[in-house]
Amino acid sequence: MSRSGSAMELDLAALRIRGLGIDLAAIAPLIDGTVPPHHQAEIADDIVIWPLDPGRMVLEIVEGDDGFRLRVRLEGIDPGRAVDSLGLRFGEVRGCRRYLRNGYQSWDGSYFVAPGTPAGDGPPGRAPTLGFAMTALLPEDASGALVLGFTRHDRFQSRFRFGGCAESLSIDMETLRDRVPHDGAIEAEPIVLFQGAAVEESLRAWSRRVAAQSPVPPRLPARRITGWCSWYNLYAAIDERLILEHLAGATAFRDAHGVPLGIFQIDDGFTPEMGDWLDVKPQFPRGMAPLLGDIAAAGFTPGLWIAPFMVGNRSRLFAEHPDWMVKRASDGQPLAQMTFYGEFRWHKRSEEYYILDITHPEAETYIRQVFRTWRRDWGAGYFKTDFMLFGSEHGPETAGWHRPGLSRIAIWRRMAALIREEIGEALWLGCGCPLWASVGLVDAVRIGRDIGVSWTGDYSAESLLRDLQTRNHGNGILWQADPDCILLRDRFHELTDVQVETLARFAGLSGGVLMTSDDLTELSGARQRLFSELLSRPIDRCSFPALEEESDLVIQDIEWSGAVVGTNLVNPAEGPATRNGRILPPFESRYSSAHV
């Protein structure tokens, strides 16, 4: 059977779908990452059945006005069979110029990749051949994008694996079932396939589908989150005196410039070890409640940093409750997610960092008490939770949990739901956080790596310049996007004045979270005016209309009340860039207002 819907073509007999000149062919079932032995496919109406021994794989394709919806299920198998993953393989994808390698959490990156690009020797979790949640395929001979993605992210993690060669891409898309018990029938998460005339708007269309399918509506703050955070200036070398000094500086800046500076957040450094969240260092002799009271009295929302899944091996929590840790599946010992065995020990004493087992009832009671105390007794109204990926990285093949039989996302959501229950309507920023599983629980989410102090490198401007563009589609639809704090100080970094101002404008004009860590009393007059301007500017969101172009020049349209009110051109390259006859020098940005 062959038919055309929404300008896309479906040929079930040939197991082929076509849109924007891109062919997705050689469709096959996947179980545990491989195509299982099966008999000839049986095709009737909108259904493809691959008979197995025993059982069968079923693909149902439903046509809609906006493309196709795909449902994949496995039926008639032994209820005792453990299934790690379930999905589809598109064995031959032709006509694709680039595909979006979409990451899963704040720090793993999202970027466009040419078919046939090898995995490389970098971190496996950030390989160009691995993606999550969705992808966008850019056609060779047309504009726009063909979007292929999952729409539910609150139950299981969904993964893409890219292979093949430059001429013929292969795509494996799988729901990681994590051996969750079943009754002989299991289903992958729902899939959508649709095309759009513009890349970013197509990605926004996917975000809107995810928002609609979320069992909890997205939390979208009425105003952009603004404020001050201690990390990128003081790092962990904080004490009460320093915090109060910076509070006075932030208060003076806010009042002098009349700007909306809402949050004053104390980052990591006030607790002795990861996991000992109710203990406070002696550098805070009054404890945290009086200090947060001072922050509130100054007219700010007090904020605190926490990494709720992290437990250091030198912590009192681990010494007293080693049974509260997630175990290695291989030998039952605590699973170390992060290690520091050499000279560098971060700013703690721990050599290993374990994962708090939120399925252990006593561990759950403890972390509930932490958030309840911070919110009700200490007075925190803003929570930055970090290293949230710790709770979503492992399936049963590597990790053992106190309560077996739950997917990694079901476990992660237990922690996230607990946090939201205890903090109530307080603002919550997820950092190092699953981007898609967090929808409906967090208010904002970090969309890139730590900004760092250089233009290139692992912790640098590279992530901001790349990931803000490719993850901007979720801003204002799934959560408020956090591009990370902007750097404004004149020294103690490796950036030129031009680079500092370019990055500040790029992040500040995004319409997402806008914060800094710098001492506001030490900023030059020009940098104070820049920060004040960015805080005062009315912005709903930004857009990247040239996202599909393979160009060094970034075009950032600024939107307010449904109209484009300005355009920011950014040249992140070492050489000059030209657009419409205008030359933009290296690393510079140029903003121009629109006549509306």
# chains A, B, ... in the order shown; residues from 1 in each chain; ligands from 1

$ residues_around --residues "Gly33 in chain A" --least-positions-apart "3" --cutoff "8 Å" --atoms "only C-alpha atoms" --output "list in words"
Leu30, Ser85, Leu86, Asp172 and Glu174 of chain A

$ write_last_selection --atoms "C-alpha atoms" --output "JSON list (two decimals), in the first residue's frame"
[["chain", "number", "residue", "atom", "x", "y", "z"],
["A", 30, "LEU", "CA", 14.84, -4.03, 17.12],
["A", 85, "SER", "CA", 15.22, -2.14, 24.73],
["A", 86, "LEU", "CA", 12.62, -2.10, 21.99],
["A", 172, "ASP", "CA", 18.31, 2.87, 15.37],
["A", 174, "GLU", "CA", 14.95, 2.49, 20.88]]

$ residues_around --residues "range 122-129 of chain A" --least-positions-apart "2" --cutoff "12 Å" --atoms "only C-alpha atoms" --output "PDB file with C-alpha atoms, in the first residue's frame"
ATOM      1  CA  ARG A  98      23.031  16.433   8.246  1.00  0.00           C
ATOM      2  CA  TYR A  99      21.276  15.032  11.282  1.00  0.00           C
ATOM      3  CA  LEU A 100      20.815  16.460  14.757  1.00  0.00           C
ATOM      4  CA  ARG A 101      22.731  14.600  17.431  1.00  0.00           C
ATOM      5  CA  ASN A 102      20.393  15.551  20.271  1.00  0.00           C
ATOM      6  CA  GLY A 103      21.781  15.089  23.760  1.00  0.00           C
ATOM      7  CA  TYR A 104      19.981  13.866  26.856  1.00  0.00           C
ATOM      8  CA  GLN A 105      21.214  16.091  29.666  1.00  0.00           C
ATOM      9  CA  SER A 106      22.584  19.566  30.213  1.00  0.00           C
ATOM     10  CA  TRP A 107      26.218  18.839  29.450  1.00  0.00           C
ATOM     11  CA  ASP A 108      26.307  16.298  26.613  1.00  0.00           C
ATOM     12  CA  GLY A 109      25.659  18.686  23.733  1.00  0.00           C
ATOM     13  CA  SER A 110      23.337  18.890  20.723  1.00  0.00           C
ATOM     14  CA  TYR A 111      24.751  19.573  17.257  1.00  0.00           C
ATOM     15  CA  PHE A 112      24.344  18.736  13.592  1.00  0.00           C
ATOM     16  CA  VAL A 113      26.462  15.942  12.144  1.00  0.00           C
ATOM     17  CA  ALA A 114      27.245  14.763   8.609  1.00  0.00           C
ATOM     18  CA  PRO A 115      26.209  11.157   7.883  1.00  0.00           C
ATOM     19  CA  GLY A 116      29.123   8.756   8.155  1.00  0.00           C
ATOM     20  CA  THR A 117      30.884  10.724  10.897  1.00  0.00           C
ATOM     21  CA  PRO A 118      32.679   8.193  13.146  1.00  0.00           C
ATOM     22  CA  ALA A 119      32.105   7.972  16.879  1.00  0.00           C
ATOM     23  CA  GLY A 120      35.602   9.284  17.579  1.00  0.00           C
ATOM     24  CA  GLY A 131      21.488  10.704  20.436  1.00  0.00           C
ATOM     25  CA  PHE A 132      18.368  10.835  22.548  1.00  0.00           C
ATOM     26  CA  THR A 135      16.537  13.934  15.699  1.00  0.00           C
ATOM     27  CA  ARG A 159      17.887   6.537  22.418  1.00  0.00           C
ATOM     28  CA  PHE A 160      19.128   7.006  18.848  1.00  0.00           C
ATOM     29  CA  ARG A 161      22.162   5.292  17.359  1.00  0.00           C
ATOM     30  CA  PHE A 162      23.494   6.527  14.019  1.00  0.00           C
ATOM     31  CA  GLY A 163      25.610   4.480  11.646  1.00  0.00           C
ATOM     32  CA  GLY A 164      26.077   3.763   7.960  1.00  0.00           C
ATOM     33  CA  CYS A 165      28.121   5.914   5.619  1.00  0.00           C
ATOM     34  CA  LEU A 169      22.719   6.708   7.012  1.00  0.00           C
ATOM     35  CA  SER A 170      21.279   4.123   9.377  1.00  0.00           C
ATOM     36  CA  ILE A 171      19.177   5.074  12.407  1.00  0.00           C
ATOM     37  CA  ASP A 172      18.310   2.868  15.365  1.00  0.00           C
ATOM     38  CA  MET A 173      15.673   4.349  17.667  1.00  0.00           C
ATOM     39  CA  LEU A 389      22.192  12.971  35.596  1.00  0.00           C
ATOM     40  CA  GLU A 393      22.667   6.992  33.809  1.00  0.00           C
ATOM     41  CA  ASP A 458      35.876  21.611  27.279  1.00  0.00           C
TER      42      ASP A 458
END

$ closest_residue --among "A:Val35, A:Trp455, A:Asp268, A:Pro181" --to "Arg81 in chain A" --atoms "only C-alpha atoms"
A:Pro181

$ residues_around --residues "Gly395 in chain A" --least-positions-apart "5" --cutoff "12 Å" --atoms "only C-alpha atoms" --output "PDB file with N, CA and C atoms, in the first residue's frame"
ATOM      1  N   VAL A  83      13.653  -7.707  28.823  1.00  0.00           N
ATOM      2  CA  VAL A  83      13.880  -6.912  27.617  1.00  0.00           C
ATOM      3  C   VAL A  83      14.558  -5.604  28.007  1.00  0.00           C
ATOM      4  N   ASP A  84      15.719  -5.377  27.434  1.00  0.00           N
ATOM      5  CA  ASP A  84      16.447  -4.141  27.707  1.00  0.00           C
ATOM      6  C   ASP A  84      15.940  -2.969  26.877  1.00  0.00           C
ATOM      7  N   SER A  85      15.641  -3.230  25.597  1.00  0.00           N
ATOM      8  CA  SER A  85      15.217  -2.137  24.732  1.00  0.00           C
ATOM      9  C   SER A  85      14.349  -2.665  23.603  1.00  0.00           C
ATOM     10  N   PHE A 156      10.428   6.135  30.374  1.00  0.00           N
ATOM     11  CA  PHE A 156      11.637   5.457  29.914  1.00  0.00           C
ATOM     12  C   PHE A 156      12.532   6.453  29.181  1.00  0.00           C
ATOM     13  N   GLN A 157      13.808   6.102  29.089  1.00  0.00           N
ATOM     14  CA  GLN A 157      14.730   6.866  28.247  1.00  0.00           C
ATOM     15  C   GLN A 157      14.657   6.311  26.835  1.00  0.00           C
ATOM     16  N   LEU A 176      14.487   2.410  26.034  1.00  0.00           N
ATOM     17  CA  LEU A 176      15.232   1.577  26.978  1.00  0.00           C
ATOM     18  C   LEU A 176      14.262   1.098  28.063  1.00  0.00           C
ATOM     19  N   ARG A 177      13.826  -0.148  27.950  1.00  0.00           N
ATOM     20  CA  ARG A 177      12.826  -0.706  28.857  1.00  0.00           C
ATOM     21  C   ARG A 177      13.418  -1.126  30.201  1.00  0.00           C
ATOM     22  N   ASP A 178      14.734  -1.316  30.259  1.00  0.00           N
ATOM     23  CA  ASP A 178      15.435  -1.594  31.512  1.00  0.00           C
ATOM     24  C   ASP A 178      14.894  -2.805  32.258  1.00  0.00           C
ATOM     25  N   ARG A 179      14.441  -3.812  31.493  1.00  0.00           N
ATOM     26  CA  ARG A 179      14.003  -5.093  32.066  1.00  0.00           C
ATOM     27  C   ARG A 179      12.841  -4.944  33.047  1.00  0.00           C
ATOM     28  N   VAL A 180      12.027  -3.939  32.831  1.00  0.00           N
ATOM     29  CA  VAL A 180      10.838  -3.763  33.669  1.00  0.00           C
ATOM     30  C   VAL A 180       9.909  -4.949  33.461  1.00  0.00           C
ATOM     31  N   VAL A 326      23.456   3.191  45.610  1.00  0.00           N
ATOM     32  CA  VAL A 326      23.251   2.299  44.471  1.00  0.00           C
ATOM     33  C   VAL A 326      24.469   1.389  44.357  1.00  0.00           C
ATOM     34  N   LYS A 327      24.234   0.108  44.064  1.00  0.00           N
ATOM     35  CA  LYS A 327      25.311  -0.879  44.016  1.00  0.00           C
ATOM     36  C   LYS A 327      25.692  -1.226  42.582  1.00  0.00           C
ATOM     37  N   ARG A 328      26.930  -1.616  42.410  1.00  0.00           N
ATOM     38  CA  ARG A 328      27.340  -2.181  41.124  1.00  0.00           C
ATOM     39  C   ARG A 328      26.642  -3.521  40.934  1.00  0.00           C
ATOM     40  N   ALA A 329      26.097  -3.742  39.752  1.00  0.00           N
ATOM     41  CA  ALA A 329      25.411  -5.000  39.492  1.00  0.00           C
ATOM     42  C   ALA A 329      26.375  -6.175  39.529  1.00  0.00           C
ATOM     43  N   PHE A 390      23.143  11.859  37.576  1.00  0.00           N
ATOM     44  CA  PHE A 390      23.552  10.687  38.358  1.00  0.00           C
ATOM     45  C   PHE A 390      22.426   9.670  38.476  1.00  0.00           C
ATOM     46  N   GLY A 400      22.458  -1.898  40.664  1.00  0.00           N
ATOM     47  CA  GLY A 400      21.473  -2.583  41.475  1.00  0.00           C
ATOM     48  C   GLY A 400      20.835  -1.609  42.449  1.00  0.00           C
ATOM     49  N   TRP A 401      19.519  -1.529  42.438  1.00  0.00           N
ATOM     50  CA  TRP A 401      18.780  -0.610  43.290  1.00  0.00           C
ATOM     51  C   TRP A 401      18.082  -1.397  44.394  1.00  0.00           C
ATOM     52  N   PRO A 404      14.091  -3.376  42.870  1.00  0.00           N
ATOM     53  CA  PRO A 404      14.323  -3.712  41.461  1.00  0.00           C
ATOM     54  C   PRO A 404      13.046  -3.541  40.644  1.00  0.00           C
ATOM     55  N   GLY A 405      13.210  -3.629  39.325  1.00  0.00           N
ATOM     56  CA  GLY A 405      12.058  -3.642  38.441  1.00  0.00           C
ATOM     57  C   GLY A 405      11.571  -2.285  37.982  1.00  0.00           C
ATOM     58  N   LEU A 406      12.323  -1.225  38.269  1.00  0.00           N
ATOM     59  CA  LEU A 406      11.946   0.116  37.818  1.00  0.00           C
ATOM     60  C   LEU A 406      12.894   0.573  36.713  1.00  0.00           C
ATOM     61  N   SER A 407      12.372   1.337  35.780  1.00  0.00           N
ATOM     62  CA  SER A 407      13.245   1.897  34.753  1.00  0.00           C
ATOM     63  C   SER A 407      14.086   3.020  35.350  1.00  0.00           C
ATOM     64  N   ARG A 408      15.163   3.354  34.685  1.00  0.00           N
ATOM     65  CA  ARG A 408      16.038   4.426  35.185  1.00  0.00           C
ATOM     66  C   ARG A 408      15.290   5.760  35.280  1.00  0.00           C
ATOM     67  N   ILE A 409      14.343   5.969  34.363  1.00  0.00           N
ATOM     68  CA  ILE A 409      13.591   7.222  34.401  1.00  0.00           C
ATOM     69  C   ILE A 409      12.529   7.192  35.495  1.00  0.00           C
ATOM     70  N   ALA A 410      11.916   6.064  35.732  1.00  0.00           N
ATOM     71  CA  ALA A 410      10.976   5.964  36.849  1.00  0.00           C
ATOM     72  C   ALA A 410      11.693   6.262  38.164  1.00  0.00           C
ATOM     73  N   ILE A 411      12.919   5.782  38.290  1.00  0.00           N
ATOM     74  CA  ILE A 411      13.717   6.053  39.497  1.00  0.00           C
ATOM     75  C   ILE A 411      14.051   7.534  39.576  1.00  0.00           C
ATOM     76  N   TRP A 412      14.508   8.112  38.466  1.00  0.00           N
ATOM     77  CA  TRP A 412      14.853   9.528  38.456  1.00  0.00           C
ATOM     78  C   TRP A 412      13.645  10.385  38.808  1.00  0.00           C
TER      79      TRP A 412
END

$ residues_around --residues "Glu351 in chain A" --least-positions-apart "5" --cutoff "12 Å" --atoms "only C-alpha atoms" --output "list in words"
Glu273, Met274, Val311, Gly312, Asn313, Arg314, Ser315, Ala336, Gln337, Met338, Thr339, Phe340, Tyr341, Gly342, Glu343, Phe344, Arg345 and Trp346 of chain A

$ write_last_selection --atoms "N, CA, C and O atoms" --output "PDB file, in the first residue's frame"
ATOM      1  N   GLU A 273      30.558  17.905  52.964  1.00  0.00           N
ATOM      2  CA  GLU A 273      30.735  16.826  51.992  1.00  0.00           C
ATOM      3  C   GLU A 273      29.426  16.589  51.245  1.00  0.00           C
ATOM      4  O   GLU A 273      28.333  16.839  51.777  1.00  0.00           O
ATOM      5  N   MET A 274      29.543  16.097  50.029  1.00  0.00           N
ATOM      6  CA  MET A 274      28.347  15.753  49.266  1.00  0.00           C
ATOM      7  C   MET A 274      27.567  14.670  50.019  1.00  0.00           C
ATOM      8  O   MET A 274      28.104  13.610  50.330  1.00  0.00           O
ATOM      9  N   VAL A 311      26.758  11.395  46.786  1.00  0.00           N
ATOM     10  CA  VAL A 311      27.204  11.084  48.147  1.00  0.00           C
ATOM     11  C   VAL A 311      28.706  10.783  48.098  1.00  0.00           C
ATOM     12  O   VAL A 311      29.137   9.851  47.421  1.00  0.00           O
ATOM     13  N   GLY A 312      29.510  11.570  48.802  1.00  0.00           N
ATOM     14  CA  GLY A 312      30.950  11.343  48.834  1.00  0.00           C
ATOM     15  C   GLY A 312      31.336  10.224  49.785  1.00  0.00           C
ATOM     16  O   GLY A 312      30.688  10.006  50.817  1.00  0.00           O
ATOM     17  N   ASN A 313      32.413   9.519  49.461  1.00  0.00           N
ATOM     18  CA  ASN A 313      32.838   8.406  50.315  1.00  0.00           C
ATOM     19  C   ASN A 313      33.376   8.877  51.666  1.00  0.00           C
ATOM     20  O   ASN A 313      33.468   8.084  52.608  1.00  0.00           O
ATOM     21  N   ARG A 314      33.726  10.176  51.791  1.00  0.00           N
ATOM     22  CA  ARG A 314      34.188  10.720  53.068  1.00  0.00           C
ATOM     23  C   ARG A 314      33.047  11.387  53.856  1.00  0.00           C
ATOM     24  O   ARG A 314      33.305  11.975  54.911  1.00  0.00           O
ATOM     25  N   SER A 315      31.833  11.286  53.348  1.00  0.00           N
ATOM     26  CA  SER A 315      30.707  11.926  54.017  1.00  0.00           C
ATOM     27  C   SER A 315      30.264  11.113  55.233  1.00  0.00           C
ATOM     28  O   SER A 315      30.447   9.900  55.312  1.00  0.00           O
ATOM     29  N   ALA A 336      30.539   3.908  41.930  1.00  0.00           N
ATOM     30  CA  ALA A 336      31.156   5.238  41.902  1.00  0.00           C
ATOM     31  C   ALA A 336      30.893   5.881  40.546  1.00  0.00           C
ATOM     32  O   ALA A 336      31.451   5.462  39.531  1.00  0.00           O
ATOM     33  N   GLN A 337      30.070   6.906  40.536  1.00  0.00           N
ATOM     34  CA  GLN A 337      29.742   7.607  39.298  1.00  0.00           C
ATOM     35  C   GLN A 337      30.849   8.580  38.907  1.00  0.00           C
ATOM     36  O   GLN A 337      31.056   8.858  37.736  1.00  0.00           O
ATOM     37  N   MET A 338      31.566   9.090  39.898  1.00  0.00           N
ATOM     38  CA  MET A 338      32.616  10.073  39.647  1.00  0.00           C
ATOM     39  C   MET A 338      33.765   9.811  40.609  1.00  0.00           C
ATOM     40  O   MET A 338      33.526   9.507  41.782  1.00  0.00           O
ATOM     41  N   THR A 339      34.997   9.913  40.112  1.00  0.00           N
ATOM     42  CA  THR A 339      36.158   9.638  40.965  1.00  0.00           C
ATOM     43  C   THR A 339      37.204  10.729  40.821  1.00  0.00           C
ATOM     44  O   THR A 339      37.370  11.335  39.751  1.00  0.00           O
ATOM     45  N   PHE A 340      37.924  10.971  41.924  1.00  0.00           N
ATOM     46  CA  PHE A 340      39.067  11.893  41.945  1.00  0.00           C
ATOM     47  C   PHE A 340      40.187  11.201  42.725  1.00  0.00           C
ATOM     48  O   PHE A 340      40.300  11.359  43.930  1.00  0.00           O
ATOM     49  N   TYR A 341      41.016  10.425  42.027  1.00  0.00           N
ATOM     50  CA  TYR A 341      42.046   9.635  42.687  1.00  0.00           C
ATOM     51  C   TYR A 341      43.397  10.349  42.745  1.00  0.00           C
ATOM     52  O   TYR A 341      44.286   9.922  43.462  1.00  0.00           O
ATOM     53  N   GLY A 342      43.555  11.397  41.983  1.00  0.00           N
ATOM     54  CA  GLY A 342      44.850  12.060  41.911  1.00  0.00           C
ATOM     55  C   GLY A 342      44.955  13.251  42.836  1.00  0.00           C
ATOM     56  O   GLY A 342      44.266  13.369  43.859  1.00  0.00           O
ATOM     57  N   GLU A 343      45.819  14.169  42.458  1.00  0.00           N
ATOM     58  CA  GLU A 343      46.102  15.338  43.291  1.00  0.00           C
ATOM     59  C   GLU A 343      44.877  16.229  43.447  1.00  0.00           C
ATOM     60  O   GLU A 343      44.610  16.775  44.509  1.00  0.00           O
ATOM     61  N   PHE A 344      44.111  16.365  42.344  1.00  0.00           N
ATOM     62  CA  PHE A 344      42.942  17.228  42.391  1.00  0.00           C
ATOM     63  C   PHE A 344      41.783  16.504  43.074  1.00  0.00           C
ATOM     64  O   PHE A 344      41.380  15.430  42.660  1.00  0.00           O
ATOM     65  N   ARG A 345      41.252  17.055  44.121  1.00  0.00           N
ATOM     66  CA  ARG A 345      40.148  16.457  44.864  1.00  0.00           C
ATOM     67  C   ARG A 345      38.921  17.359  44.870  1.00  0.00           C
ATOM     68  O   ARG A 345      38.144  17.314  45.807  1.00  0.00           O
ATOM     69  N   TRP A 346      38.776  18.185  43.834  1.00  0.00           N
ATOM     70  CA  TRP A 346      37.689  19.148  43.838  1.00  0.00           C
ATOM     71  C   TRP A 346      37.917  20.040  45.045  1.00  0.00           C
ATOM     72  O   TRP A 346      38.991  20.543  45.252  1.00  0.00           O
TER      73      TRP A 346
END

$ closest_atom_pairs --of "range 202-239 of chain A" --to "range 415-433 of chain A" --cutoff "12 Å" --atoms "only C-alpha atoms" --output "Markdown table"
| residue | atom | partner | partner_atom | distance |
| --- | --- | --- | --- | --- |
| A:Val216 | CA | A:Ala417 | CA | 10.5 |
| A:Arg219 | CA | A:Leu427 | CA | 9.7 |
| A:Leu220 | CA | A:Leu427 | CA | 10.3 |
| A:Pro221 | CA | A:Leu427 | CA | 8.4 |
| A:Ala222 | CA | A:Leu427 | CA | 11.3 |
| A:Arg223 | CA | A:Leu427 | CA | 11.5 |
| A:Arg224 | CA | A:Leu427 | CA | 11.3 |
| A:Ile225 | CA | A:Leu427 | CA | 8.8 |
| A:Thr226 | CA | A:Leu427 | CA | 11.5 |

$ select_by_dssp --residues "range 67-293 of chain A" --states "strand (DSSP E or B)" --output "ChimeraX atom specification"
/A:67-75,85-94,96-101,105,111-113,130-132,134-139,145-150,157-164,169-176,186-187,191-196,226-229,263-266

$ closest_residue --among "A:Pro334, A:Gly299, A:Gly511, A:Gly196" --to "Ala248 in chain A" --atoms "only C-alpha atoms"
A:Gly299

$ select_by_dssp --residues "range 280-436 of chain A" --states "alpha helix (DSSP H)" --output "ChimeraX atom specification"
/A:288-297,316-320,361-372,408-423

$ residues_around --residues "Pro215 in chain A" --least-positions-apart "3" --cutoff "10 Å" --atoms "only C-alpha atoms" --output "number ranges by chain"
A: 152-154, 210-212, 218, 439-440

$ residues_around --residues "Leu148 in chain A" --least-positions-apart "4" --cutoff "9 Å" --atoms "only C-alpha atoms" --output "PyMOL selection string"
chain A and resi 133-137+191-195+206

$ atom_distance --atom1 "CA of Asp32 in chain A" --atom2 "CA of Pro51 in chain A"
16.7 Å

$ residues_around --residues "Ala14 in chain A" --least-positions-apart "2" --cutoff "12 Å" --atoms "only C-alpha atoms" --output "PyMOL selection string"
chain A and resi 1-3+9-12+16-18+23-28+41-43+48

$ write_last_selection --atoms "N, CA, C and O atoms" --output "short mmCIF file (atom, residue, chain, number, x, y, z; two decimals), in the first residue's frame"
data_model
loop_
_atom_site.label_atom_id
_atom_site.label_comp_id
_atom_site.auth_asym_id
_atom_site.auth_seq_id
_atom_site.Cartn_x
_atom_site.Cartn_y
_atom_site.Cartn_z
N MET A 1 0.85 -1.19 0.00
CA MET A 1 0.00 0.00 0.00
C MET A 1 0.88 1.24 0.00
O MET A 1 1.82 1.33 0.76
N SER A 2 0.55 2.16 -0.86
CA SER A 2 1.31 3.41 -0.92
C SER A 2 0.34 4.57 -0.88
O SER A 2 -0.72 4.53 -1.49
N ARG A 3 0.67 5.59 -0.10
CA ARG A 3 -0.17 6.77 -0.05
C ARG A 3 0.67 7.96 0.36
O ARG A 3 1.78 7.83 0.86
N GLU A 9 5.27 10.68 1.94
CA GLU A 9 4.83 9.46 1.27
C GLU A 9 5.14 8.25 2.14
O GLU A 9 6.24 8.12 2.68
N LEU A 10 4.16 7.36 2.26
CA LEU A 10 4.32 6.12 2.99
C LEU A 10 4.07 4.96 2.04
O LEU A 10 2.99 4.87 1.43
N ASP A 11 5.03 4.09 1.90
CA ASP A 11 4.90 2.88 1.10
C ASP A 11 5.15 1.70 2.02
O ASP A 11 6.30 1.29 2.23
N LEU A 12 4.07 1.18 2.62
CA LEU A 12 4.24 0.09 3.59
C LEU A 12 4.79 -1.17 2.95
O LEU A 12 5.58 -1.89 3.56
N ARG A 16 8.93 1.81 3.54
CA ARG A 16 9.64 3.04 3.17
C ARG A 16 8.76 4.26 3.45
O ARG A 16 7.56 4.24 3.20
N ILE A 17 9.38 5.32 3.99
CA ILE A 17 8.72 6.61 4.20
C ILE A 17 9.61 7.67 3.56
O ILE A 17 10.83 7.62 3.66
N ARG A 18 8.96 8.65 2.92
CA ARG A 18 9.73 9.69 2.23
C ARG A 18 9.16 11.06 2.56
O ARG A 18 7.95 11.26 2.60
N ASP A 23 14.66 9.63 2.07
CA ASP A 23 14.08 8.29 2.11
C ASP A 23 14.49 7.58 3.39
O ASP A 23 15.69 7.48 3.69
N LEU A 24 13.51 7.09 4.13
CA LEU A 24 13.76 6.23 5.28
C LEU A 24 13.26 4.84 4.91
O LEU A 24 12.03 4.61 4.86
N ALA A 25 14.17 3.95 4.62
CA ALA A 25 13.82 2.63 4.09
C ALA A 25 14.46 1.53 4.91
O ALA A 25 15.18 1.78 5.88
N ALA A 26 14.20 0.29 4.48
CA ALA A 26 14.71 -0.91 5.16
C ALA A 26 14.33 -0.89 6.64
O ALA A 26 15.18 -1.05 7.53
N ILE A 27 13.05 -0.66 6.92
CA ILE A 27 12.56 -0.61 8.29
C ILE A 27 12.52 -2.02 8.87
O ILE A 27 12.01 -2.94 8.25
N ALA A 28 13.09 -2.17 10.05
CA ALA A 28 13.17 -3.49 10.69
C ALA A 28 12.95 -3.35 12.19
O ALA A 28 13.19 -2.29 12.77
N ALA A 41 7.57 -10.19 6.77
CA ALA A 41 6.64 -9.22 7.34
C ALA A 41 5.25 -9.38 6.73
O ALA A 41 5.10 -9.62 5.52
N GLU A 42 4.24 -9.27 7.56
CA GLU A 42 2.85 -9.31 7.14
C GLU A 42 2.30 -7.89 7.20
O GLU A 42 2.40 -7.22 8.24
N ILE A 43 1.70 -7.43 6.12
CA ILE A 43 1.26 -6.05 6.02
C ILE A 43 -0.23 -6.00 5.74
O ILE A 43 -0.72 -6.64 4.81
N VAL A 48 2.27 -3.30 10.23
CA VAL A 48 3.29 -4.26 9.80
C VAL A 48 3.54 -5.21 10.97
O VAL A 48 3.74 -4.77 12.11
#

$ closest_residue --among "A:Val259, A:Leu530, A:Val147, A:Leu52" --to "Ile22 in chain A" --atoms "only C-alpha atoms"
A:Val147

$ atom_distance --atom1 "CA of Pro434 in chain A" --atom2 "CA of Leu88 in chain A"
23.1 Å
